[in-house]
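What follows is the content of work-v2.tsv, which has TSV, C-alpha atoms and all ligand atoms:
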chain	number	residue	atom	x	y	z
A	1	MET	CA	1.44	1.12	21.66
A	2	THR	CA	3.44	3.94	20.17
A	3	ALA	CA	1.66	6.64	18.19
A	4	PRO	CA	1.18	5.72	14.54
A	5	LEU	CA	3.53	7.23	11.98
A	6	LEU	CA	0.74	7.95	9.56
A	7	GLU	CA	-2.91	8.45	10.32
A	8	THR	CA	-5.85	9.41	8.16
A	9	ARG	CA	-9.27	10.43	9.39
A	10	ALA	CA	-12.42	10.58	7.26
A	11	LEU	CA	-10.24	10.86	4.16
A	12	CYS	CA	-12.30	11.46	1.01
A	13	LYS	CA	-11.49	11.96	-2.63
A	14	THR	CA	-14.00	12.57	-5.38
A	15	PHE	CA	-13.28	13.01	-9.08
A	16	GLY	CA	-16.43	14.63	-10.47
A	17	LYS	CA	-19.22	12.14	-9.76
A	18	VAL	CA	-16.80	9.41	-8.84
A	19	GLN	CA	-16.34	8.79	-5.14
A	20	ALA	CA	-12.95	7.11	-5.21
A	21	VAL	CA	-12.16	7.24	-1.49
A	22	ARG	CA	-14.96	7.45	1.06
A	23	SER	CA	-14.14	8.35	4.62
A	24	VAL	CA	-11.05	6.22	5.13
A	25	ASP	CA	-9.52	5.95	8.60
A	26	LEU	CA	-6.07	4.42	8.66
A	27	ALA	CA	-3.40	4.16	11.33
A	28	LEU	CA	0.00	2.83	10.32
A	29	PRO	CA	2.06	1.65	13.28
A	30	ARG	CA	5.71	2.72	13.11
A	31	GLY	CA	8.15	0.15	11.81
A	32	ARG	CA	5.45	-2.22	10.59
A	33	THR	CA	4.00	-3.23	7.27
A	34	PHE	CA	0.38	-2.36	6.77
A	35	GLY	CA	-1.48	-4.03	3.90
A	36	LEU	CA	-4.27	-2.43	1.91
A	37	VAL	CA	-6.15	-5.08	-0.05
A	38	GLY	CA	-8.98	-5.01	-2.56
A	39	GLU	CA	-9.89	-5.52	-6.17
A	40	SER	CA	-8.82	-3.12	-8.83
A	41	GLY	CA	-11.16	-0.12	-8.65
A	42	SER	CA	-11.46	-0.23	-4.85
A	43	GLY	CA	-9.54	3.03	-4.32
A	44	LYS	CA	-6.27	1.62	-2.93
A	45	SER	CA	-3.97	3.51	-5.27
A	46	THR	CA	-5.90	6.72	-4.71
A	47	VAL	CA	-5.30	6.35	-0.96
A	48	ALA	CA	-1.58	5.89	-1.71
A	49	ARG	CA	-1.44	9.03	-3.80
A	50	LEU	CA	-3.39	10.99	-1.19
A	51	VAL	CA	-1.11	10.11	1.70
A	52	LEU	CA	1.94	11.07	-0.36
A	53	ARG	CA	0.18	14.28	-1.41
A	54	LEU	CA	0.64	13.46	-5.06
A	55	ILE	CA	-3.03	14.44	-5.29
A	56	GLU	CA	-5.05	16.56	-2.89
A	57	ALA	CA	-7.83	15.14	-0.73
A	58	THR	CA	-11.37	16.47	-1.08
A	59	SER	CA	-11.79	16.35	2.70
A	60	GLY	CA	-10.45	14.66	5.81
A	61	ASP	CA	-7.18	14.69	7.74
A	62	ILE	CA	-3.77	13.18	7.20
A	63	ARG	CA	-1.25	13.23	10.01
A	64	PHE	CA	2.37	12.27	9.54
A	65	GLY	CA	4.08	12.06	12.90
A	66	ASP	CA	2.91	15.21	14.65
A	67	GLU	CA	2.33	17.19	11.47
A	68	ASP	CA	-0.89	17.97	9.65
A	69	LEU	CA	0.23	16.82	6.22
A	70	ARG	CA	-2.56	18.51	4.30
A	71	ARG	CA	-1.47	21.93	5.55
A	72	LEU	CA	2.20	21.53	4.69
A	73	GLY	CA	3.48	23.51	1.74
A	74	GLY	CA	6.68	24.72	0.18
A	75	GLU	CA	9.90	23.79	1.93
A	76	ALA	CA	8.17	21.93	4.77
A	77	LEU	CA	6.41	19.66	2.29
A	78	ARG	CA	9.63	19.11	0.36
A	79	ARG	CA	11.41	18.05	3.56
A	80	ARG	CA	8.53	15.79	4.50
A	81	ARG	CA	8.53	14.21	1.03
A	82	ARG	CA	12.10	13.12	1.53
A	83	ARG	CA	10.84	10.87	4.30
A	84	MET	CA	8.16	9.27	2.12
A	85	GLN	CA	8.99	7.23	-0.95
A	86	MET	CA	6.99	5.15	-3.35
A	87	ILE	CA	7.63	1.90	-5.18
A	88	PHE	CA	5.39	1.40	-8.20
A	89	GLN	CA	3.98	-1.64	-9.91
A	90	ASP	CA	5.79	-1.11	-13.16
A	91	PRO	CA	9.57	-1.23	-12.78
A	92	TYR	CA	9.83	-0.46	-16.50
A	93	GLY	CA	7.87	2.78	-16.44
A	94	SER	CA	9.05	4.07	-13.07
A	95	LEU	CA	12.77	4.32	-13.88
A	96	ASN	CA	14.08	6.96	-16.23
A	97	GLY	CA	15.50	5.05	-19.20
A	98	ARG	CA	17.96	7.80	-20.05
A	99	MET	CA	19.63	7.81	-16.65
A	100	THR	CA	22.21	5.26	-15.60
A	101	VAL	CA	21.48	3.31	-12.44
A	102	GLY	CA	24.17	5.35	-10.69
A	103	GLU	CA	22.50	8.61	-11.70
A	104	THR	CA	19.12	7.19	-10.68
A	105	LEU	CA	20.44	6.57	-7.17
A	106	VAL	CA	22.38	9.84	-6.88
A	107	GLU	CA	19.54	12.07	-8.05
A	108	PRO	CA	17.24	11.74	-5.00
A	109	GLN	CA	20.23	12.45	-2.78
A	110	LEU	CA	20.91	15.64	-4.73
A	111	VAL	CA	17.27	16.70	-4.72
A	112	HIS	CA	17.07	16.28	-0.97
A	113	ASP	CA	20.55	17.55	-0.12
A	114	ILE	CA	21.90	14.27	1.21
A	115	GLY	CA	25.62	13.60	1.34
A	116	THR	CA	28.46	16.01	0.72
A	117	GLY	CA	29.88	15.83	-2.75
A	118	GLY	CA	29.59	13.51	-5.73
A	119	ARG	CA	31.97	10.90	-4.37
A	120	ALA	CA	29.99	10.39	-1.15
A	121	ARG	CA	26.74	10.14	-3.09
A	122	ARG	CA	28.17	7.59	-5.50
A	123	ASP	CA	29.54	5.58	-2.57
A	124	ARG	CA	26.10	5.59	-1.04
A	125	ALA	CA	24.60	4.53	-4.37
A	126	ARG	CA	26.99	1.55	-4.56
A	127	SER	CA	26.21	0.48	-1.03
A	128	LEU	CA	22.47	0.68	-1.75
A	129	LEU	CA	23.01	-1.52	-4.80
A	130	ARG	CA	24.85	-4.08	-2.72
A	131	GLU	CA	22.02	-4.01	-0.20
A	132	VAL	CA	19.51	-4.93	-2.87
A	133	GLY	CA	21.76	-7.62	-4.28
A	134	LEU	CA	23.20	-5.91	-7.36
A	135	PRO	CA	26.91	-5.54	-8.21
A	136	ASP	CA	28.82	-2.23	-8.33
A	137	SER	CA	29.08	-2.66	-12.09
A	138	ALA	CA	25.34	-1.90	-12.32
A	139	MET	CA	26.18	1.77	-11.67
A	140	ASP	CA	27.07	2.60	-15.25
A	141	ARG	CA	24.36	0.58	-16.93
A	142	PHE	CA	20.85	1.61	-18.01
A	143	PRO	CA	17.51	0.23	-16.75
A	144	HIS	CA	16.76	-1.55	-20.03
A	145	GLU	CA	19.78	-3.77	-19.50
A	146	PHE	CA	18.11	-5.36	-16.47
A	147	SER	CA	15.29	-7.87	-15.96
A	148	GLY	CA	11.99	-6.85	-14.35
A	149	GLY	CA	13.05	-8.24	-10.96
A	150	GLN	CA	16.41	-6.45	-11.12
A	151	ARG	CA	14.68	-3.22	-12.07
A	152	GLN	CA	12.43	-3.54	-9.05
A	153	ARG	CA	15.59	-3.97	-6.96
A	154	ILE	CA	16.88	-0.71	-8.42
A	155	ALA	CA	13.55	0.99	-7.60
A	156	ILE	CA	13.83	-0.27	-4.01
A	157	ALA	CA	17.41	1.06	-3.77
A	158	ARG	CA	16.21	4.40	-5.10
A	159	ALA	CA	13.39	4.53	-2.55
A	160	LEU	CA	15.92	3.86	0.23
A	161	ALA	CA	18.32	6.55	-0.98
A	162	THR	CA	16.64	9.28	1.08
A	163	ASP	CA	16.40	7.10	4.19
A	164	PRO	CA	12.59	7.31	4.25
A	165	GLU	CA	10.38	6.75	7.28
A	166	LEU	CA	7.51	5.62	5.08
A	167	ILE	CA	7.56	3.53	1.93
A	168	VAL	CA	4.37	3.13	-0.06
A	169	ALA	CA	4.58	0.08	-2.30
A	170	ASP	CA	1.72	-0.10	-4.82
A	171	GLU	CA	1.44	-3.61	-6.31
A	172	PRO	CA	5.25	-3.90	-6.25
A	173	VAL	CA	5.37	-7.48	-7.53
A	174	SER	CA	2.22	-7.67	-9.69
A	175	ALA	CA	4.13	-7.06	-12.92
A	176	LEU	CA	6.81	-9.65	-12.13
A	177	ASP	CA	7.03	-13.33	-12.96
A	178	VAL	CA	5.75	-15.49	-10.14
A	179	SER	CA	9.22	-17.02	-9.89
A	180	VAL	CA	10.80	-13.69	-8.89
A	181	GLN	CA	7.91	-12.34	-6.80
A	182	ALA	CA	9.07	-14.15	-3.65
A	183	GLN	CA	12.62	-12.81	-4.01
A	184	ILE	CA	11.41	-9.24	-4.26
A	185	LEU	CA	8.97	-9.69	-1.37
A	186	ASN	CA	11.77	-11.11	0.76
A	187	LEU	CA	13.99	-8.19	-0.15
A	188	LEU	CA	11.27	-5.68	0.72
A	189	GLY	CA	10.69	-7.42	4.05
A	190	ASP	CA	14.41	-7.46	4.84
A	191	MET	CA	14.79	-3.78	3.94
A	192	GLN	CA	11.75	-2.83	5.98
A	193	ARG	CA	13.10	-4.59	9.08
A	194	GLU	CA	16.70	-3.49	8.58
A	195	HIS	CA	15.81	0.18	8.19
A	196	GLN	CA	12.84	0.09	10.58
A	197	THR	CA	10.76	1.64	7.83
A	198	THR	CA	7.01	1.86	8.01
A	199	MET	CA	5.46	0.40	4.88
A	200	LEU	CA	2.06	0.78	3.29
A	201	PHE	CA	1.78	-2.24	1.04
A	202	ILE	CA	-0.96	-2.23	-1.55
A	203	SER	CA	-2.08	-5.29	-3.46
A	204	HIS	CA	-5.06	-7.10	-4.91
A	205	ASP	CA	-3.28	-10.37	-4.17
A	206	LEU	CA	-4.11	-11.79	-0.76
A	207	ARG	CA	-1.30	-14.33	-0.82
A	208	VAL	CA	1.25	-11.58	-1.31
A	209	VAL	CA	-0.25	-9.41	1.43
A	210	ARG	CA	-0.34	-12.28	3.88
A	211	TYR	CA	3.32	-12.91	3.24
A	212	VAL	CA	4.56	-9.44	4.13
A	213	CYS	CA	2.02	-7.56	6.25
A	214	ASP	CA	1.51	-7.31	10.00
A	215	GLU	CA	-1.87	-5.63	9.74
A	216	ILE	CA	-4.42	-5.55	6.98
A	217	ALA	CA	-7.27	-3.34	5.83
A	218	VAL	CA	-9.68	-4.52	3.15
A	219	MET	CA	-11.15	-1.90	0.80
A	220	TYR	CA	-14.31	-2.07	-1.23
A	221	LEU	CA	-15.61	0.77	-3.40
A	222	GLY	CA	-13.59	3.42	-1.62
A	223	GLU	CA	-14.29	2.27	1.93
A	224	ILE	CA	-12.52	0.10	4.44
A	225	VAL	CA	-14.84	-2.78	5.26
A	226	GLU	CA	-12.57	-4.80	7.54
A	227	ARG	CA	-9.30	-4.31	9.32
A	228	GLY	CA	-7.15	-6.10	11.86
A	229	PRO	CA	-4.02	-8.09	12.63
A	230	ARG	CA	-3.07	-10.30	9.70
A	231	ASP	CA	-3.78	-13.69	11.20
A	232	ARG	CA	-7.12	-12.62	12.61
A	233	VAL	CA	-8.31	-11.34	9.26
A	234	TYR	CA	-7.10	-14.42	7.38
A	235	ASP	CA	-8.22	-17.00	9.90
A	236	ARG	CA	-11.48	-15.38	10.96
A	237	PRO	CA	-12.64	-12.97	8.26
A	238	ALA	CA	-15.72	-11.17	9.60
A	239	HIS	CA	-16.90	-9.38	6.46
A	240	PRO	CA	-18.58	-11.28	3.60
A	241	TYR	CA	-16.33	-9.44	1.12
A	242	THR	CA	-13.15	-10.55	2.87
A	243	GLN	CA	-14.56	-14.07	3.06
A	244	ALA	CA	-15.29	-14.02	-0.65
A	245	LEU	CA	-11.87	-12.62	-1.53
A	246	LEU	CA	-10.21	-15.37	0.46
A	247	THR	CA	-12.35	-18.04	-1.14
A	248	SER	CA	-11.73	-16.82	-4.66
A	249	ALA	CA	-7.99	-16.27	-4.21
A	250	PRO	CA	-6.05	-18.98	-6.01
A	251	GLY	CA	-4.20	-21.33	-3.68
A	252	SER	CA	-6.20	-20.46	-0.60
A	253	PRO	CA	-9.11	-22.88	-0.36
A	254	ARG	CA	-11.29	-22.57	2.72
A	255	LYS	CA	-11.60	-25.63	4.90
A	256	ASP	CA	-15.38	-25.46	5.26
A	257	GLY	CA	-15.83	-25.00	1.51
A	258	LYS	CA	-19.15	-23.28	2.21
A	259	ARG	CA	-18.28	-19.70	1.62
A	260	ALA	CA	-19.61	-18.18	-1.55
A	261	LYS	CA	-17.28	-17.28	-4.37
A	262	LEU	CA	-17.02	-13.65	-5.34
A	263	ALA	CA	-19.69	-13.18	-7.98
A	264	GLY	CA	-19.98	-10.39	-10.51
A	265	GLU	CA	-17.99	-7.24	-11.10
A	266	ILE	CA	-17.22	-4.44	-8.71
A	267	PRO	CA	-19.81	-1.68	-9.44
A	268	SER	CA	-18.57	1.58	-10.91
A	269	ALA	CA	-17.52	4.18	-8.32
A	270	ASP	CA	-20.04	6.65	-9.78
A	271	ALA	CA	-22.92	4.24	-9.12
A	272	ILE	CA	-22.34	3.01	-5.59
A	273	PRO	CA	-25.29	1.00	-4.19
A	274	THR	CA	-27.29	2.60	-1.38
A	275	GLY	CA	-27.01	1.11	2.10
A	276	CYS	CA	-24.16	-1.40	2.11
A	277	ALA	CA	-21.98	-0.86	-0.96
A	278	PHE	CA	-21.28	-4.59	-1.15
A	279	ARG	CA	-24.92	-5.66	-1.24
A	280	SER	CA	-25.11	-6.17	-5.02
A	281	ARG	CA	-22.59	-9.02	-4.66
A	282	CYS	CA	-23.24	-10.19	-1.12
A	283	PRO	CA	-24.75	-13.67	-0.74
A	284	HIS	CA	-26.08	-12.71	2.70
A	285	ALA	CA	-27.74	-9.37	1.85
A	286	PHE	CA	-31.08	-8.73	3.54
A	287	ASP	CA	-33.58	-5.84	3.71
A	288	ARG	CA	-31.63	-3.66	6.10
A	289	CYS	CA	-28.57	-3.74	3.80
A	290	LYS	CA	-30.52	-1.76	1.19
A	291	ILE	CA	-31.37	1.13	3.48
A	292	GLU	CA	-28.63	1.48	6.02
A	293	ALA	CA	-24.86	1.62	5.58
A	294	PRO	CA	-23.20	-0.67	8.15
A	295	ARG	CA	-20.79	0.94	10.61
A	296	MET	CA	-17.40	-0.38	11.60
A	297	GLN	CA	-17.62	-2.39	14.77
A	298	ASP	CA	-15.27	-4.25	17.02
A	299	VAL	CA	-15.18	-8.01	16.58
A	300	GLY	CA	-12.40	-8.62	19.12
A	301	GLY	CA	-8.64	-9.11	18.95
A	302	GLY	CA	-8.13	-5.70	17.39
A	303	GLN	CA	-10.28	-6.62	14.40
A	304	THR	CA	-13.13	-4.45	13.11
A	305	ALA	CA	-15.63	-4.94	10.30
A	306	ALA	CA	-18.67	-3.18	8.84
A	307	CYS	CA	-21.56	-5.59	8.28
A	308	HIS	CA	-25.12	-5.80	9.63
A	309	LEU	CA	-24.72	-9.54	10.18
A	310	LEU	CA	-22.54	-8.70	13.17
A	311	ASP	CA	-25.64	-7.37	14.95
A	312	ARG	CA	-27.55	-10.61	14.55
B	401	LIG	FE1	-23.71	-8.29	3.04
B	401	LIG	FE2	-25.52	-6.81	4.32
B	401	LIG	FE3	-23.19	-7.37	5.48
B	401	LIG	FE4	-23.32	-5.68	3.44
B	401	LIG	S1	-24.21	-5.40	5.46
B	401	LIG	S2	-21.82	-7.26	3.72
B	401	LIG	S3	-24.90	-6.63	2.19
B	401	LIG	S4	-24.80	-8.82	4.93
B	402	MG	MG	-4.21	0.36	-8.35

Kindly transcribe the structure held in the file into structure tokens.
Ligand code: SF4
Ligand code: MG
Amino acid sequence: MTAPLLETRALCKTFGKVQAVRSVDLALPRGRTFGLVGESGSGKSTVARLVLRLIEATSGDIRFGDEDLRRLGGEALRRRRRRMQMIFQDPYGSLNGRMTVGETLVEPQLVHDIGTGGRARRDRARSLLREVGLPDSAMDRFPHEFSGGQRQRIAIARALATDPELIVADEPVSALDVSVQAQILNLLGDMQREHQTTMLFISHDLRVVRYVCDEIAVMYLGEIVERGPRDRVYDRPAHPYTQALLTSAPGSPRKDGKRAKLAGEIPSADAIPTGCAFRSRCPHAFDRCKIEAPRMQDVGGGQTAACHLLDR
């Protein structure tokens, strides 16, 4: 296997007493889509902002290619940023309402010194629009003249404008009508393959993640509790949390019908249970879970999970 494009090791982020991200190890294979799944409050978006250096980590390492991303500053960081783009959940809030679509697509090229001259940049903007299925006439219009799905297409075009190696998509379809979600997911998938981009895809929605991701990591209270190739994780979830998520996800009934539904609320990140963080909601919790935090272990087929049941 080729070296991953992006790798984190023991990545941590605390906000005061809140431990938002707790020792996260990730490895994103180049040219693939990696899914980060979990409930709201699990730390997924914080991981996204850390790897893009929109916020600074408390500790741990982030490697991008052969660079130590946490040590980059100034011009080197600016150049690196060009190769990393983000697509946000809210296509309304993420586009500047006072800029035309054309300006929105030209601006990142200007910022990052791409293209020679206004004409070339506008040509590139038009071709990006065509790629995402919008007409040239969109150039002179404003974001508010478009539907949510069309705005997300514009946001995708903008992300592609700098020819990024990494796209981080944080809940990119969660704000859209179900009827347009599939179109946008298909577009993202096509773009990812076409441009050989590496994508970190973040969602609470397991159906969506299954649809687009090659590999999956499941987060709970700031930690990764299970990870592996998509079909392994969906067909043979090893962690009780993953099992519960799959059971409670609409439209994905389990065949055996025996797995417990996900009960209760995710605890606050400033009051994380001792031992296994999931124990307050785990139907299988036993004495050891109170005292000892489970370690990640191999369960075969490239899948790993952190649960004491795996020792039984
Ligand atoms: Fe449940 Fe214990 Fe496994 Fe945690 S370690 S998921 S509490 S069985
Ligand atoms: Mg979030």

Please, which residues in chain A fall within 7 Å of ligand MG 402 (chain B) when counting all atoms listed in the file, and what is the closest atom pair and distance in Å to one decimal for each, ordered by chain then residue number, as CSV?
residue,atom,partner,partner_atom,distance
A:Ser40,CA,B:MG402,MG,5.8
A:Gly41,CA,B:MG402,MG,7.0
A:Lys44,CA,B:MG402,MG,5.9
A:Ser45,CA,B:MG402,MG,4.4
A:Asp170,CA,B:MG402,MG,6.9

| field | Expected answer as a PyMOL selection string: residues within 7 Å of ligand LIG 401 (chain B), only C-alpha atoms and all ligand atoms | value | chain A and resi 239-241+276-279+282-286+289+294+306-309

Resulting file, chosen residues, C-alpha atoms, as a PDB file, in the coordinates of the input:
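New file part_13.pdb:
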ATOM      1  CA  HIS A 239     -16.900  -9.380   6.460  1.00  0.00           C
ATOM      2  CA  PRO A 240     -18.580 -11.280   3.600  1.00  0.00           C
ATOM      3  CA  TYR A 241     -16.330  -9.440   1.120  1.00  0.00           C
ATOM      4  CA  CYS A 276     -24.160  -1.400   2.110  1.00  0.00           C
ATOM      5  CA  ALA A 277     -21.980  -0.860  -0.960  1.00  0.00           C
ATOM      6  CA  PHE A 278     -21.280  -4.590  -1.150  1.00  0.00           C
ATOM      7  CA  ARG A 279     -24.920  -5.660  -1.240  1.00  0.00           C
ATOM      8  CA  CYS A 282     -23.240 -10.190  -1.120  1.00  0.00           C
ATOM      9  CA  PRO A 283     -24.750 -13.670  -0.740  1.00  0.00           C
ATOM     10  CA  HIS A 284     -26.080 -12.710   2.700  1.00  0.00           C
ATOM     11  CA  ALA A 285     -27.740  -9.370   1.850  1.00  0.00           C
ATOM     12  CA  PHE A 286     -31.080  -8.730   3.540  1.00  0.00           C
ATOM     13  CA  CYS A 289     -28.570  -3.740   3.800  1.00  0.00           C
ATOM     14  CA  PRO A 294     -23.200  -0.670   8.150  1.00  0.00           C
ATOM     15  CA  ALA A 306     -18.670  -3.180   8.840  1.00  0.00           C
ATOM     16  CA  CYS A 307     -21.560  -5.590   8.280  1.00  0.00           C
ATOM     17  CA  HIS A 308     -25.120  -5.800   9.630  1.00  0.00           C
ATOM     18  CA  LEU A 309     -24.720  -9.540  10.180  1.00  0.00           C
TER      19      LEU A 309
END

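Going from atom CA of A:Pro108 to atom CA of A:Arg151 covers 16.7 Å.
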
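Checking A:Phe201, A:Tyr92, A:Phe64, A:Phe34 one by one against A:Ala169, counting only C-alpha atoms, you find the shortest gap at A:Phe201.
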
| request: For atom CA of A:Glu39 and atom CA of A:Asp231, determine how far apart the two atoms are, in Å to one decimal place. | output: 20.1 Å

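The shortest atom-to-atom distance to A:Arg22, with only C-alpha atoms taken into account, belongs to A:Ser59 out of A:Gln89, A:Gln181, A:Ser59, A:Thr2.
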
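For A:Gly300, the list of residues within 12 Å, based on all atoms listed in the file and with local chain neighbours fewer than 2 positions off taken out, reads Arg227, Gly228, Pro229, Arg232, Val233, Arg236, Pro237, Ala238, Gln297, Asp298, Gly302, Gln303, Thr304, Ala305 and Leu310 of chain A.
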
| query | Which one is closest to A:Ser147: A:Gly38, A:Gly60, A:Gly31, A:Pro91? Count only C-alpha atoms. | reply | A:Pro91

| Contacts of stretch 4-6 of chain A within 9 Å, all atoms listed in the file, excl. fewer than 3 positions in-chain, as a VMD selection string | chain A and resid 1 26 to 31 51 62 to 66 165 to 166 198

Mind dumping the selected residues with C-alpha atoms as a PDB file, in the frame of the given file?
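Generated file (again_31.pdb):
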ATOM      1  CA  MET A   1       1.440   1.120  21.660  1.00  0.00           C
ATOM      2  CA  LEU A  26      -6.070   4.420   8.660  1.00  0.00           C
ATOM      3  CA  ALA A  27      -3.400   4.160  11.330  1.00  0.00           C
ATOM      4  CA  LEU A  28       0.000   2.830  10.320  1.00  0.00           C
ATOM      5  CA  PRO A  29       2.060   1.650  13.280  1.00  0.00           C
ATOM      6  CA  ARG A  30       5.710   2.720  13.110  1.00  0.00           C
ATOM      7  CA  GLY A  31       8.150   0.150  11.810  1.00  0.00           C
ATOM      8  CA  VAL A  51      -1.110  10.110   1.700  1.00  0.00           C
ATOM      9  CA  ILE A  62      -3.770  13.180   7.200  1.00  0.00           C
ATOM     10  CA  ARG A  63      -1.250  13.230  10.010  1.00  0.00           C
ATOM     11  CA  PHE A  64       2.370  12.270   9.540  1.00  0.00           C
ATOM     12  CA  GLY A  65       4.080  12.060  12.900  1.00  0.00           C
ATOM     13  CA  ASP A  66       2.910  15.210  14.650  1.00  0.00           C
ATOM     14  CA  GLU A 165      10.380   6.750   7.280  1.00  0.00           C
ATOM     15  CA  LEU A 166       7.510   5.620   5.080  1.00  0.00           C
ATOM     16  CA  THR A 198       7.010   1.860   8.010  1.00  0.00           C
TER      17      THR A 198
END
